[in-house]
file start_17.txt (compact mmCIF, N, CA and C atoms)
# COMPACT_ATOMS: atom_id res chain seq x y z
N MET X 1282 10.98 11.81 7.71
CA MET X 1282 9.99 11.95 6.65
C MET X 1282 9.66 13.43 6.48
N LYS X 1283 9.79 13.92 5.29
CA LYS X 1283 9.47 15.31 5.00
C LYS X 1283 7.96 15.53 5.11
N THR X 1284 7.56 16.65 5.70
CA THR X 1284 6.14 16.88 5.92
C THR X 1284 5.67 18.18 5.29
N ASP X 1285 5.87 18.32 3.99
CA ASP X 1285 5.24 19.43 3.28
C ASP X 1285 3.73 19.16 3.30
N THR X 1286 2.95 20.05 2.70
CA THR X 1286 1.51 19.81 2.70
C THR X 1286 1.15 18.66 1.79
N LYS X 1287 2.00 18.37 0.78
CA LYS X 1287 1.69 17.29 -0.15
C LYS X 1287 2.98 16.79 -0.79
N LEU X 1288 3.03 15.51 -1.06
CA LEU X 1288 4.13 14.87 -1.75
C LEU X 1288 3.51 14.11 -2.91
N GLU X 1289 4.05 14.27 -4.12
CA GLU X 1289 3.47 13.62 -5.29
C GLU X 1289 4.57 13.00 -6.13
N TYR X 1290 4.36 11.74 -6.58
CA TYR X 1290 5.35 11.04 -7.39
C TYR X 1290 4.70 9.87 -8.12
N CYS X 1291 5.40 9.30 -9.09
CA CYS X 1291 4.92 8.11 -9.79
C CYS X 1291 5.27 6.89 -8.95
N SER X 1292 4.35 5.95 -8.87
CA SER X 1292 4.58 4.76 -8.06
C SER X 1292 5.79 3.98 -8.56
N LYS X 1293 6.58 3.52 -7.63
CA LYS X 1293 7.74 2.69 -7.93
C LYS X 1293 7.29 1.33 -8.48
N PHE X 1294 6.09 0.91 -8.12
CA PHE X 1294 5.63 -0.44 -8.44
C PHE X 1294 4.73 -0.50 -9.67
N LEU X 1295 4.13 0.62 -10.01
CA LEU X 1295 3.22 0.69 -11.17
C LEU X 1295 3.29 2.13 -11.66
N ASN X 1296 4.20 2.38 -12.63
CA ASN X 1296 4.57 3.76 -12.94
C ASN X 1296 3.49 4.61 -13.60
N ASP X 1297 2.36 4.02 -13.99
CA ASP X 1297 1.29 4.86 -14.52
C ASP X 1297 0.32 5.31 -13.41
N VAL X 1298 0.65 4.99 -12.16
CA VAL X 1298 -0.14 5.43 -11.02
C VAL X 1298 0.59 6.57 -10.31
N THR X 1299 -0.11 7.67 -10.11
CA THR X 1299 0.44 8.80 -9.37
C THR X 1299 0.08 8.63 -7.90
N VAL X 1300 1.09 8.75 -7.05
CA VAL X 1300 0.90 8.66 -5.60
C VAL X 1300 0.91 10.08 -5.05
N VAL X 1301 -0.13 10.40 -4.28
CA VAL X 1301 -0.22 11.69 -3.60
C VAL X 1301 -0.32 11.42 -2.11
N VAL X 1302 0.64 11.93 -1.36
CA VAL X 1302 0.64 11.81 0.09
C VAL X 1302 0.22 13.17 0.62
N VAL X 1303 -0.90 13.20 1.34
CA VAL X 1303 -1.41 14.48 1.84
C VAL X 1303 -1.26 14.56 3.35
N PHE X 1304 -0.94 15.76 3.79
CA PHE X 1304 -0.75 16.04 5.20
C PHE X 1304 -1.83 17.00 5.68
N ASN X 1305 -1.97 17.10 6.97
CA ASN X 1305 -3.02 17.89 7.61
C ASN X 1305 -3.09 19.34 7.13
N ASP X 1306 -1.95 19.94 6.80
CA ASP X 1306 -1.92 21.34 6.38
C ASP X 1306 -2.46 21.57 4.97
N ASP X 1307 -2.64 20.51 4.22
CA ASP X 1307 -3.14 20.63 2.85
C ASP X 1307 -4.67 20.76 2.88
N PRO X 1308 -5.23 21.72 2.13
CA PRO X 1308 -6.70 21.86 2.10
C PRO X 1308 -7.41 20.58 1.65
N LEU X 1309 -6.76 19.77 0.84
CA LEU X 1309 -7.33 18.51 0.39
C LEU X 1309 -7.54 17.53 1.54
N TYR X 1310 -6.73 17.66 2.59
CA TYR X 1310 -6.76 16.67 3.68
C TYR X 1310 -8.14 16.55 4.30
N SER X 1311 -8.80 17.65 4.56
CA SER X 1311 -10.13 17.58 5.19
C SER X 1311 -11.15 16.88 4.29
N GLN X 1312 -10.92 16.94 2.98
CA GLN X 1312 -11.82 16.26 2.04
C GLN X 1312 -11.58 14.75 2.00
N VAL X 1313 -10.33 14.34 2.15
CA VAL X 1313 -10.02 12.91 2.03
C VAL X 1313 -9.96 12.19 3.38
N LYS X 1314 -9.93 12.93 4.47
CA LYS X 1314 -9.86 12.30 5.79
C LYS X 1314 -10.99 11.29 6.02
N PRO X 1315 -12.24 11.59 5.64
CA PRO X 1315 -13.29 10.57 5.80
C PRO X 1315 -13.00 9.28 5.02
N MET X 1316 -12.32 9.42 3.90
CA MET X 1316 -11.96 8.23 3.10
C MET X 1316 -10.91 7.41 3.85
N PHE X 1317 -9.94 8.09 4.49
CA PHE X 1317 -8.95 7.36 5.29
C PHE X 1317 -9.64 6.64 6.45
N GLU X 1318 -10.60 7.29 7.07
CA GLU X 1318 -11.32 6.67 8.17
C GLU X 1318 -12.09 5.43 7.70
N GLN X 1319 -12.57 5.46 6.47
CA GLN X 1319 -13.31 4.32 5.93
C GLN X 1319 -12.39 3.23 5.38
N TYR X 1320 -11.33 3.63 4.65
CA TYR X 1320 -10.51 2.65 3.92
C TYR X 1320 -9.14 2.38 4.50
N GLY X 1321 -8.70 3.17 5.46
CA GLY X 1321 -7.38 2.96 6.03
C GLY X 1321 -6.39 4.02 5.60
N PHE X 1322 -5.12 3.67 5.59
CA PHE X 1322 -4.05 4.64 5.37
C PHE X 1322 -3.93 5.14 3.94
N GLY X 1323 -4.59 4.46 3.01
CA GLY X 1323 -4.52 4.87 1.62
C GLY X 1323 -5.66 4.26 0.83
N PHE X 1324 -5.89 4.84 -0.33
CA PHE X 1324 -6.91 4.29 -1.23
C PHE X 1324 -6.56 4.69 -2.65
N VAL X 1325 -7.19 4.01 -3.61
CA VAL X 1325 -6.91 4.24 -5.02
C VAL X 1325 -8.17 4.77 -5.70
N VAL X 1326 -7.97 5.75 -6.58
CA VAL X 1326 -9.03 6.25 -7.45
C VAL X 1326 -8.68 5.70 -8.84
N LEU X 1327 -9.24 4.53 -9.17
CA LEU X 1327 -8.84 3.82 -10.39
C LEU X 1327 -9.02 4.64 -11.66
N GLU X 1328 -10.15 5.33 -11.76
CA GLU X 1328 -10.44 6.09 -12.98
C GLU X 1328 -9.39 7.15 -13.28
N GLN X 1329 -8.66 7.57 -12.27
CA GLN X 1329 -7.67 8.62 -12.44
C GLN X 1329 -6.24 8.11 -12.26
N ASN X 1330 -6.06 6.79 -12.12
CA ASN X 1330 -4.74 6.22 -11.84
C ASN X 1330 -4.04 6.98 -10.71
N LEU X 1331 -4.77 7.15 -9.62
CA LEU X 1331 -4.34 7.97 -8.51
C LEU X 1331 -4.43 7.20 -7.21
N MET X 1332 -3.39 7.30 -6.41
CA MET X 1332 -3.37 6.72 -5.08
C MET X 1332 -3.20 7.87 -4.09
N ILE X 1333 -4.02 7.89 -3.06
CA ILE X 1333 -3.92 8.94 -2.05
C ILE X 1333 -3.59 8.27 -0.72
N ILE X 1334 -2.53 8.76 -0.07
CA ILE X 1334 -2.04 8.18 1.18
C ILE X 1334 -2.08 9.24 2.27
N ASP X 1335 -2.46 8.82 3.48
CA ASP X 1335 -2.52 9.69 4.64
C ASP X 1335 -1.12 9.96 5.18
N GLY X 1336 -0.61 11.14 4.90
CA GLY X 1336 0.72 11.51 5.36
C GLY X 1336 0.83 11.69 6.86
N GLU X 1337 -0.29 11.91 7.52
CA GLU X 1337 -0.26 12.15 8.96
C GLU X 1337 0.24 10.93 9.73
N ILE X 1338 0.05 9.73 9.21
CA ILE X 1338 0.55 8.55 9.92
C ILE X 1338 2.07 8.43 9.81
N LEU X 1339 2.66 9.22 8.91
CA LEU X 1339 4.11 9.17 8.71
C LEU X 1339 4.85 10.22 9.55
N VAL X 1340 4.13 11.23 10.01
CA VAL X 1340 4.74 12.32 10.77
C VAL X 1340 5.31 11.77 12.07
N GLY X 1341 6.59 12.01 12.29
CA GLY X 1341 7.25 11.56 13.50
C GLY X 1341 7.60 10.08 13.51
N GLU X 1342 7.25 9.38 12.45
CA GLU X 1342 7.55 7.94 12.34
C GLU X 1342 9.00 7.79 11.87
N PRO X 1343 9.86 7.19 12.71
CA PRO X 1343 11.28 7.08 12.32
C PRO X 1343 11.50 6.27 11.05
N ASN X 1344 10.58 5.35 10.75
CA ASN X 1344 10.68 4.53 9.54
C ASN X 1344 9.63 4.96 8.52
N GLY X 1345 9.36 6.27 8.46
CA GLY X 1345 8.29 6.80 7.61
C GLY X 1345 8.38 6.39 6.16
N ASN X 1346 9.57 6.45 5.58
CA ASN X 1346 9.71 6.08 4.17
C ASN X 1346 9.42 4.59 3.94
N ASP X 1347 9.80 3.77 4.91
CA ASP X 1347 9.55 2.33 4.79
C ASP X 1347 8.06 2.03 4.94
N VAL X 1348 7.40 2.72 5.85
CA VAL X 1348 5.95 2.56 6.02
C VAL X 1348 5.23 3.02 4.74
N LEU X 1349 5.69 4.15 4.19
CA LEU X 1349 5.11 4.68 2.96
C LEU X 1349 5.20 3.65 1.82
N LYS X 1350 6.35 3.03 1.65
CA LYS X 1350 6.51 2.03 0.58
C LYS X 1350 5.61 0.82 0.82
N PHE X 1351 5.43 0.43 2.08
CA PHE X 1351 4.54 -0.68 2.40
C PHE X 1351 3.11 -0.33 1.98
N ILE X 1352 2.65 0.85 2.34
CA ILE X 1352 1.29 1.27 1.98
C ILE X 1352 1.14 1.34 0.46
N GLU X 1353 2.13 1.94 -0.20
CA GLU X 1353 2.09 2.06 -1.67
C GLU X 1353 2.02 0.68 -2.32
N ALA X 1354 2.86 -0.25 -1.89
CA ALA X 1354 2.86 -1.60 -2.47
C ALA X 1354 1.55 -2.32 -2.19
N HIS X 1355 0.98 -2.11 -1.02
CA HIS X 1355 -0.31 -2.72 -0.66
C HIS X 1355 -1.41 -2.22 -1.61
N GLU X 1356 -1.46 -0.92 -1.82
CA GLU X 1356 -2.49 -0.35 -2.70
C GLU X 1356 -2.29 -0.77 -4.15
N VAL X 1357 -1.05 -0.82 -4.61
CA VAL X 1357 -0.77 -1.30 -5.97
C VAL X 1357 -1.21 -2.75 -6.12
N SER X 1358 -1.02 -3.54 -5.08
CA SER X 1358 -1.45 -4.94 -5.14
C SER X 1358 -2.95 -5.06 -5.34
N HIS X 1359 -3.71 -4.18 -4.68
CA HIS X 1359 -5.16 -4.18 -4.92
C HIS X 1359 -5.46 -3.98 -6.41
N ILE X 1360 -4.73 -3.08 -7.04
CA ILE X 1360 -4.94 -2.81 -8.47
C ILE X 1360 -4.58 -4.04 -9.30
N LEU X 1361 -3.37 -4.56 -9.06
CA LEU X 1361 -2.88 -5.69 -9.85
C LEU X 1361 -3.74 -6.94 -9.68
N LEU X 1362 -4.34 -7.09 -8.51
CA LEU X 1362 -5.17 -8.26 -8.23
C LEU X 1362 -6.63 -8.06 -8.62
N GLY X 1363 -6.96 -6.86 -9.09
CA GLY X 1363 -8.33 -6.59 -9.54
C GLY X 1363 -9.35 -6.55 -8.43
N HIS X 1364 -8.93 -6.17 -7.23
CA HIS X 1364 -9.84 -6.15 -6.09
C HIS X 1364 -10.90 -5.07 -6.22
N LYS X 1365 -12.08 -5.39 -5.71
CA LYS X 1365 -13.21 -4.45 -5.80
C LYS X 1365 -13.86 -4.16 -4.45
N THR X 1366 -13.86 -5.14 -3.52
CA THR X 1366 -14.67 -5.00 -2.31
C THR X 1366 -13.91 -4.53 -1.08
N GLY X 1367 -12.62 -4.84 -0.98
CA GLY X 1367 -11.87 -4.47 0.21
C GLY X 1367 -12.20 -5.34 1.41
N ASN X 1368 -12.70 -6.56 1.16
CA ASN X 1368 -13.00 -7.46 2.27
C ASN X 1368 -11.70 -8.01 2.87
N GLU X 1369 -11.82 -8.74 3.96
CA GLU X 1369 -10.63 -9.22 4.68
C GLU X 1369 -9.74 -10.09 3.80
N GLN X 1370 -10.32 -10.96 2.98
CA GLN X 1370 -9.51 -11.81 2.10
C GLN X 1370 -8.71 -10.96 1.13
N GLU X 1371 -9.33 -9.92 0.57
CA GLU X 1371 -8.60 -9.03 -0.34
C GLU X 1371 -7.50 -8.26 0.39
N GLU X 1372 -7.73 -7.92 1.64
CA GLU X 1372 -6.70 -7.22 2.42
C GLU X 1372 -5.49 -8.13 2.66
N ILE X 1373 -5.75 -9.39 2.96
CA ILE X 1373 -4.65 -10.35 3.13
C ILE X 1373 -3.90 -10.51 1.81
N GLU X 1374 -4.64 -10.68 0.71
CA GLU X 1374 -4.01 -10.83 -0.60
C GLU X 1374 -3.18 -9.60 -0.97
N ALA X 1375 -3.68 -8.42 -0.65
CA ALA X 1375 -2.94 -7.18 -0.96
C ALA X 1375 -1.65 -7.11 -0.16
N ASP X 1376 -1.66 -7.56 1.09
CA ASP X 1376 -0.42 -7.59 1.86
C ASP X 1376 0.56 -8.62 1.28
N LEU X 1377 0.04 -9.75 0.83
CA LEU X 1377 0.91 -10.77 0.22
C LEU X 1377 1.52 -10.24 -1.08
N GLY X 1378 0.69 -9.57 -1.87
CA GLY X 1378 1.21 -8.95 -3.09
C GLY X 1378 2.24 -7.87 -2.77
N ALA X 1379 1.97 -7.09 -1.74
CA ALA X 1379 2.92 -6.06 -1.32
C ALA X 1379 4.24 -6.69 -0.91
N TYR X 1380 4.19 -7.80 -0.21
CA TYR X 1380 5.41 -8.53 0.18
C TYR X 1380 6.26 -8.84 -1.05
N LEU X 1381 5.61 -9.37 -2.08
CA LEU X 1381 6.34 -9.72 -3.31
C LEU X 1381 6.94 -8.49 -3.98
N LEU X 1382 6.15 -7.43 -4.11
CA LEU X 1382 6.63 -6.21 -4.75
C LEU X 1382 7.78 -5.59 -3.97
N LEU X 1383 7.64 -5.53 -2.67
CA LEU X 1383 8.68 -4.94 -1.82
C LEU X 1383 9.96 -5.75 -1.87
N LYS X 1384 9.82 -7.06 -1.76
CA LYS X 1384 10.99 -7.95 -1.78
C LYS X 1384 11.72 -7.85 -3.11
N ASP X 1385 10.97 -7.86 -4.21
CA ASP X 1385 11.58 -7.79 -5.54
C ASP X 1385 12.29 -6.47 -5.81
N ASN X 1386 11.88 -5.42 -5.10
CA ASN X 1386 12.46 -4.10 -5.32
C ASN X 1386 13.43 -3.68 -4.23
N GLY X 1387 13.79 -4.61 -3.36
CA GLY X 1387 14.82 -4.35 -2.35
C GLY X 1387 14.41 -3.48 -1.18
N PHE X 1388 13.13 -3.42 -0.89
CA PHE X 1388 12.65 -2.63 0.25
C PHE X 1388 12.57 -3.54 1.48
N ASP X 1389 13.73 -3.95 1.97
CA ASP X 1389 13.81 -4.94 3.05
C ASP X 1389 13.18 -4.46 4.35
N LYS X 1390 13.36 -3.20 4.70
CA LYS X 1390 12.77 -2.69 5.95
C LYS X 1390 11.24 -2.66 5.84
N SER X 1391 10.73 -2.35 4.66
CA SER X 1391 9.28 -2.38 4.45
C SER X 1391 8.74 -3.80 4.55
N VAL X 1392 9.49 -4.76 4.03
CA VAL X 1392 9.11 -6.17 4.14
C VAL X 1392 9.04 -6.56 5.61
N GLU X 1393 10.03 -6.13 6.38
CA GLU X 1393 10.06 -6.43 7.82
C GLU X 1393 8.84 -5.85 8.54
N ILE X 1394 8.48 -4.61 8.20
CA ILE X 1394 7.30 -3.98 8.79
C ILE X 1394 6.05 -4.78 8.44
N LEU X 1395 5.94 -5.18 7.18
CA LEU X 1395 4.78 -5.97 6.74
C LEU X 1395 4.68 -7.28 7.53
N ILE X 1396 5.78 -8.02 7.61
CA ILE X 1396 5.77 -9.30 8.32
C ILE X 1396 5.44 -9.10 9.80
N ASN X 1397 6.04 -8.09 10.42
CA ASN X 1397 5.82 -7.86 11.85
C ASN X 1397 4.40 -7.40 12.18
N SER X 1398 3.71 -6.83 11.21
CA SER X 1398 2.35 -6.35 11.49
C SER X 1398 1.27 -7.28 10.93
N PHE X 1399 1.67 -8.32 10.23
CA PHE X 1399 0.73 -9.19 9.53
C PHE X 1399 -0.28 -9.84 10.48
N LYS X 1400 0.19 -10.42 11.58
CA LYS X 1400 -0.73 -11.10 12.50
C LYS X 1400 -1.69 -10.09 13.14
N GLU X 1401 -1.18 -8.93 13.52
CA GLU X 1401 -2.04 -7.90 14.11
C GLU X 1401 -3.09 -7.44 13.11
N ARG X 1402 -2.71 -7.32 11.85
CA ARG X 1402 -3.63 -6.84 10.81
C ARG X 1402 -4.66 -7.90 10.40
N HIS X 1403 -4.24 -9.19 10.42
CA HIS X 1403 -5.09 -10.22 9.82
C HIS X 1403 -5.44 -11.39 10.73
N GLY X 1404 -4.85 -11.45 11.91
CA GLY X 1404 -5.18 -12.52 12.85
C GLY X 1404 -4.51 -13.85 12.58
N VAL X 1405 -3.62 -13.88 11.59
CA VAL X 1405 -2.86 -15.10 11.28
C VAL X 1405 -1.40 -14.72 11.06
N GLU X 1406 -0.52 -15.67 11.33
CA GLU X 1406 0.91 -15.45 11.11
C GLU X 1406 1.21 -15.42 9.60
N PHE X 1407 2.16 -14.59 9.22
CA PHE X 1407 2.63 -14.58 7.83
C PHE X 1407 3.34 -15.89 7.54
N ASN X 1408 3.09 -16.45 6.36
CA ASN X 1408 3.74 -17.68 5.94
C ASN X 1408 3.95 -17.59 4.43
N GLU X 1409 5.17 -17.82 3.98
CA GLU X 1409 5.46 -17.71 2.55
C GLU X 1409 4.64 -18.69 1.70
N ASN X 1410 4.13 -19.75 2.29
CA ASN X 1410 3.28 -20.69 1.54
C ASN X 1410 1.99 -20.01 1.08
N MET X 1411 1.61 -18.92 1.74
CA MET X 1411 0.39 -18.19 1.37
C MET X 1411 0.57 -17.45 0.03
N LEU X 1412 1.81 -17.34 -0.43
CA LEU X 1412 2.11 -16.54 -1.62
C LEU X 1412 1.78 -17.23 -2.93
N GLU X 1413 1.64 -18.54 -2.92
CA GLU X 1413 1.51 -19.30 -4.17
C GLU X 1413 0.41 -18.79 -5.09
N ASP X 1414 -0.77 -18.57 -4.55
CA ASP X 1414 -1.89 -18.12 -5.39
C ASP X 1414 -1.71 -16.69 -5.88
N ILE X 1415 -1.06 -15.88 -5.09
CA ILE X 1415 -0.92 -14.45 -5.37
C ILE X 1415 0.19 -14.19 -6.38
N GLU X 1416 1.25 -14.97 -6.28
CA GLU X 1416 2.45 -14.73 -7.09
C GLU X 1416 2.15 -14.64 -8.59
N ASN X 1417 1.45 -15.61 -9.13
CA ASN X 1417 1.15 -15.61 -10.56
C ASN X 1417 0.34 -14.40 -10.96
N LYS X 1418 -0.67 -14.05 -10.17
CA LYS X 1418 -1.52 -12.89 -10.49
C LYS X 1418 -0.72 -11.59 -10.49
N ILE X 1419 0.13 -11.41 -9.49
CA ILE X 1419 0.91 -10.18 -9.37
C ILE X 1419 1.87 -10.06 -10.56
N TYR X 1420 2.63 -11.12 -10.83
CA TYR X 1420 3.63 -11.05 -11.88
C TYR X 1420 3.00 -11.00 -13.27
N GLU X 1421 1.90 -11.64 -13.44
CA GLU X 1421 1.18 -11.60 -14.71
C GLU X 1421 0.76 -10.16 -15.03
N ASN X 1422 0.27 -9.45 -14.03
CA ASN X 1422 -0.22 -8.09 -14.23
C ASN X 1422 0.85 -7.02 -14.22
N THR X 1423 2.02 -7.29 -13.63
CA THR X 1423 3.09 -6.30 -13.67
C THR X 1423 3.84 -6.37 -15.00
N ASN X 1424 3.70 -7.47 -15.70
CA ASN X 1424 4.41 -7.63 -16.99
C ASN X 1424 3.55 -7.22 -18.18
N ASN X 1425 2.34 -6.76 -17.94
CA ASN X 1425 1.46 -6.34 -19.05
C ASN X 1425 1.66 -4.89 -19.38

call {"tool": "encode", "arguments": {"input": "start_17.txt", "output": "structure tokens"}}
result
Amino acid sequence: MKTDTKLEYCSKFLNDVTVVVVFNDDPLYSQVKPMFEQYGFGFVVLEQNLMIIDGEILVGEPNGNDVLKFIEAHEVSHILLGHKTGNEQEEIEADLGAYLLLKDNGFDKSVEILINSFKERHGVEFNENMLEDIENKIYENTNN
């Protein structure tokens, strides 16, 4: 994983969202670090169609690009599902939406990371039957 001070690109999953990955050397990092501590590895600024991801969790990670795509798909799922609170149910739904987005776009290693971390993240095993409610919402909003 390249570790410049910042990486910026359009989301693979929702192209009107700009993804900014910030690293410790970037002056912006000290400003957003409290947000990472509150919200996790990434968060979305809806009014600006902006996603900010903590690049420090990717440093030295052999599967950094796959982890990055998992985080990006998770955050995009929050947008597509219209989440507002970030409660545990919304976090589960965002991971399920991320699973669908990753699988549909051929990010198999990211899917594997998601499945392998699902129980640790949510206290329940991943099960494809959980996707039924999420599938329609995700696809309905990606086609608009």

call {"tool": "residues_around", "arguments": {"input": "start_17.txt", "residues": "range 1328-1337 of chain X", "least_positions_apart": "3", "cutoff": "6 Å", "atoms": "only C-alpha atoms", "output": "ChimeraX atom specification"}}
result
/X:1298-1304,1322-1325,1340

call {"tool": "atom_distance", "arguments": {"input": "start_17.txt", "atom1": "CA of Asn1346 in chain X", "atom2": "atom N of Ser1391 in chain X"}}
result
8.5 Å

call {"tool": "atom_distance", "arguments": {"input": "start_17.txt", "atom1": "CA of Ile1373 in chain X", "atom2": "CA of Ile1419 in chain X"}}
result
13.7 Å

call {"tool": "atom_distance", "arguments": {"input": "start_17.txt", "atom1": "CA of Asn1410 in chain X", "atom2": "CA of Ile1394 in chain X"}}
result
18.7 Å

call {"tool": "select_by_dssp", "arguments": {"input": "start_17.txt", "residues": "chain X", "states": "strand (DSSP E)", "output": "PyMOL selection string"}}
result
chain X and resi 1287-1291+1299-1303+1323-1326+1331-1335

call {"tool": "closest_residue", "arguments": {"input": "start_17.txt", "among": "X:Ile1338, X:Glu1413, X:Gly1387, X:Pro1308", "to": "Glu1374 in chain X", "atoms": "only C-alpha atoms"}}
result
X:Glu1413

call {"tool": "axis_aligned_box", "arguments": {"input": "start_17.txt", "around": "range 1376-1384 of chain X", "padding_each_side": "4 Å", "output": "JSON"}}
result
{"center_x": 5.0, "center_y": -7.9, "center_z": -1.4, "size_x": 21.4, "size_y": 13.8, "size_z": 14.6}

call {"tool": "closest_residue", "arguments": {"input": "start_17.txt", "among": "X:Gly1345, X:Phe1294, X:Phe1399, X:His1359", "to": "Ala1375 in chain X", "atoms": "all atoms listed in the file"}}
result
X:His1359

call {"tool": "closest_residue", "arguments": {"input": "start_17.txt", "among": "X:Ser1358, X:Asn1344, X:Ser1398, X:Asn1368", "to": "Leu1382 in chain X", "atoms": "only C-alpha atoms"}}
result
X:Ser1358

call {"tool": "select_by_dssp", "arguments": {"input": "start_17.txt", "residues": "chain X", "states": "alpha helix (DSSP H)", "output": "number ranges by chain"}}
result
X: 1308-1320, 1345-1361, 1369-1385, 1389-1403, 1413-1423

call {"tool": "closest_residue", "arguments": {"input": "start_17.txt", "among": "X:Asp1306, X:Gly1341, X:Leu1383, X:Glu1416", "to": "Lys1287 in chain X", "atoms": "all atoms listed in the file"}}
result
X:Asp1306

call {"tool": "residues_around", "arguments": {"input": "start_17.txt", "residues": "Glu1371 in chain X", "least_positions_apart": "2", "cutoff": "12 Å", "atoms": "only C-alpha atoms", "output": "list in words"}}
result
His1355, Glu1356, Ser1358, His1359, Ile1360, Leu1361, Leu1362, Gly1363, His1364, Lys1365, Thr1366, Gly1367, Asn1368, Glu1369, Ile1373, Glu1374, Ala1375, Asp1376, Leu1377, Gly1378, Ala1379, His1403 and Ile1415 of chain X

call {"tool": "closest_residue", "arguments": {"input": "start_17.txt", "among": "X:Glu1289, X:Phe1407, X:Phe1388, X:Leu1327", "to": "Asp1347 in chain X", "atoms": "only N, CA and C atoms"}}
result
X:Phe1388

call {"tool": "decode", "arguments": {"input": "start_17.txt", "residues": "range 1298-1314 of chain X", "atoms": "N, CA and C atoms", "output": "PDB file, in the first residue's frame"}}
result
ATOM      1  N   VAL X1298     -18.899  10.241  -5.239  1.00  0.00           N
ATOM      2  CA  VAL X1298     -18.280  10.378  -3.924  1.00  0.00           C
ATOM      3  C   VAL X1298     -16.763  10.354  -4.083  1.00  0.00           C
ATOM      4  N   THR X1299     -16.112  11.368  -3.524  1.00  0.00           N
ATOM      5  CA  THR X1299     -14.654  11.418  -3.525  1.00  0.00           C
ATOM      6  C   THR X1299     -14.146  10.750  -2.257  1.00  0.00           C
ATOM      7  N   VAL X1300     -13.204   9.834  -2.438  1.00  0.00           N
ATOM      8  CA  VAL X1300     -12.581   9.135  -1.316  1.00  0.00           C
ATOM      9  C   VAL X1300     -11.227   9.780  -1.063  1.00  0.00           C
ATOM     10  N   VAL X1301     -10.991  10.167   0.192  1.00  0.00           N
ATOM     11  CA  VAL X1301      -9.699  10.719   0.595  1.00  0.00           C
ATOM     12  C   VAL X1301      -9.156   9.819   1.706  1.00  0.00           C
ATOM     13  N   VAL X1302      -7.994   9.249   1.458  1.00  0.00           N
ATOM     14  CA  VAL X1302      -7.313   8.424   2.451  1.00  0.00           C
ATOM     15  C   VAL X1302      -6.183   9.278   2.999  1.00  0.00           C
ATOM     16  N   VAL X1303      -6.223   9.537   4.300  1.00  0.00           N
ATOM     17  CA  VAL X1303      -5.213  10.408   4.905  1.00  0.00           C
ATOM     18  C   VAL X1303      -4.288   9.597   5.806  1.00  0.00           C
ATOM     19  N   PHE X1304      -3.036   9.985   5.766  1.00  0.00           N
ATOM     20  CA  PHE X1304      -2.000   9.338   6.555  1.00  0.00           C
ATOM     21  C   PHE X1304      -1.457  10.319   7.587  1.00  0.00           C
ATOM     22  N   ASN X1305      -0.754   9.796   8.551  1.00  0.00           N
ATOM     23  CA  ASN X1305      -0.248  10.559   9.689  1.00  0.00           C
ATOM     24  C   ASN X1305       0.558  11.797   9.293  1.00  0.00           C
ATOM     25  N   ASP X1306       1.283  11.738   8.181  1.00  0.00           N
ATOM     26  CA  ASP X1306       2.124  12.861   7.759  1.00  0.00           C
ATOM     27  C   ASP X1306       1.328  14.033   7.179  1.00  0.00           C
ATOM     28  N   ASP X1307       0.066  13.822   6.898  1.00  0.00           N
ATOM     29  CA  ASP X1307      -0.766  14.880   6.330  1.00  0.00           C
ATOM     30  C   ASP X1307      -1.259  15.790   7.462  1.00  0.00           C
ATOM     31  N   PRO X1308      -1.168  17.114   7.293  1.00  0.00           N
ATOM     32  CA  PRO X1308      -1.662  18.031   8.329  1.00  0.00           C
ATOM     33  C   PRO X1308      -3.146  17.809   8.663  1.00  0.00           C
ATOM     34  N   LEU X1309      -3.916  17.339   7.711  1.00  0.00           N
ATOM     35  CA  LEU X1309      -5.329  17.056   7.928  1.00  0.00           C
ATOM     36  C   LEU X1309      -5.536  15.926   8.942  1.00  0.00           C
ATOM     37  N   TYR X1310      -4.558  15.025   9.043  1.00  0.00           N
ATOM     38  CA  TYR X1310      -4.731  13.836   9.884  1.00  0.00           C
ATOM     39  C   TYR X1310      -5.050  14.193  11.332  1.00  0.00           C
ATOM     40  N   SER X1311      -4.348  15.151  11.896  1.00  0.00           N
ATOM     41  CA  SER X1311      -4.598  15.510  13.302  1.00  0.00           C
ATOM     42  C   SER X1311      -6.013  16.070  13.494  1.00  0.00           C
ATOM     43  N   GLN X1312      -6.569  16.663  12.439  1.00  0.00           N
ATOM     44  CA  GLN X1312      -7.931  17.193  12.522  1.00  0.00           C
ATOM     45  C   GLN X1312      -8.985  16.091  12.455  1.00  0.00           C
ATOM     46  N   VAL X1313      -8.719  15.054  11.670  1.00  0.00           N
ATOM     47  CA  VAL X1313      -9.726  14.000  11.488  1.00  0.00           C
ATOM     48  C   VAL X1313      -9.525  12.799  12.414  1.00  0.00           C
ATOM     49  N   LYS X1314      -8.381  12.714  13.055  1.00  0.00           N
ATOM     50  CA  LYS X1314      -8.127  11.580  13.952  1.00  0.00           C
ATOM     51  C   LYS X1314      -9.213  11.421  15.022  1.00  0.00           C
TER      52      LYS X1314
END
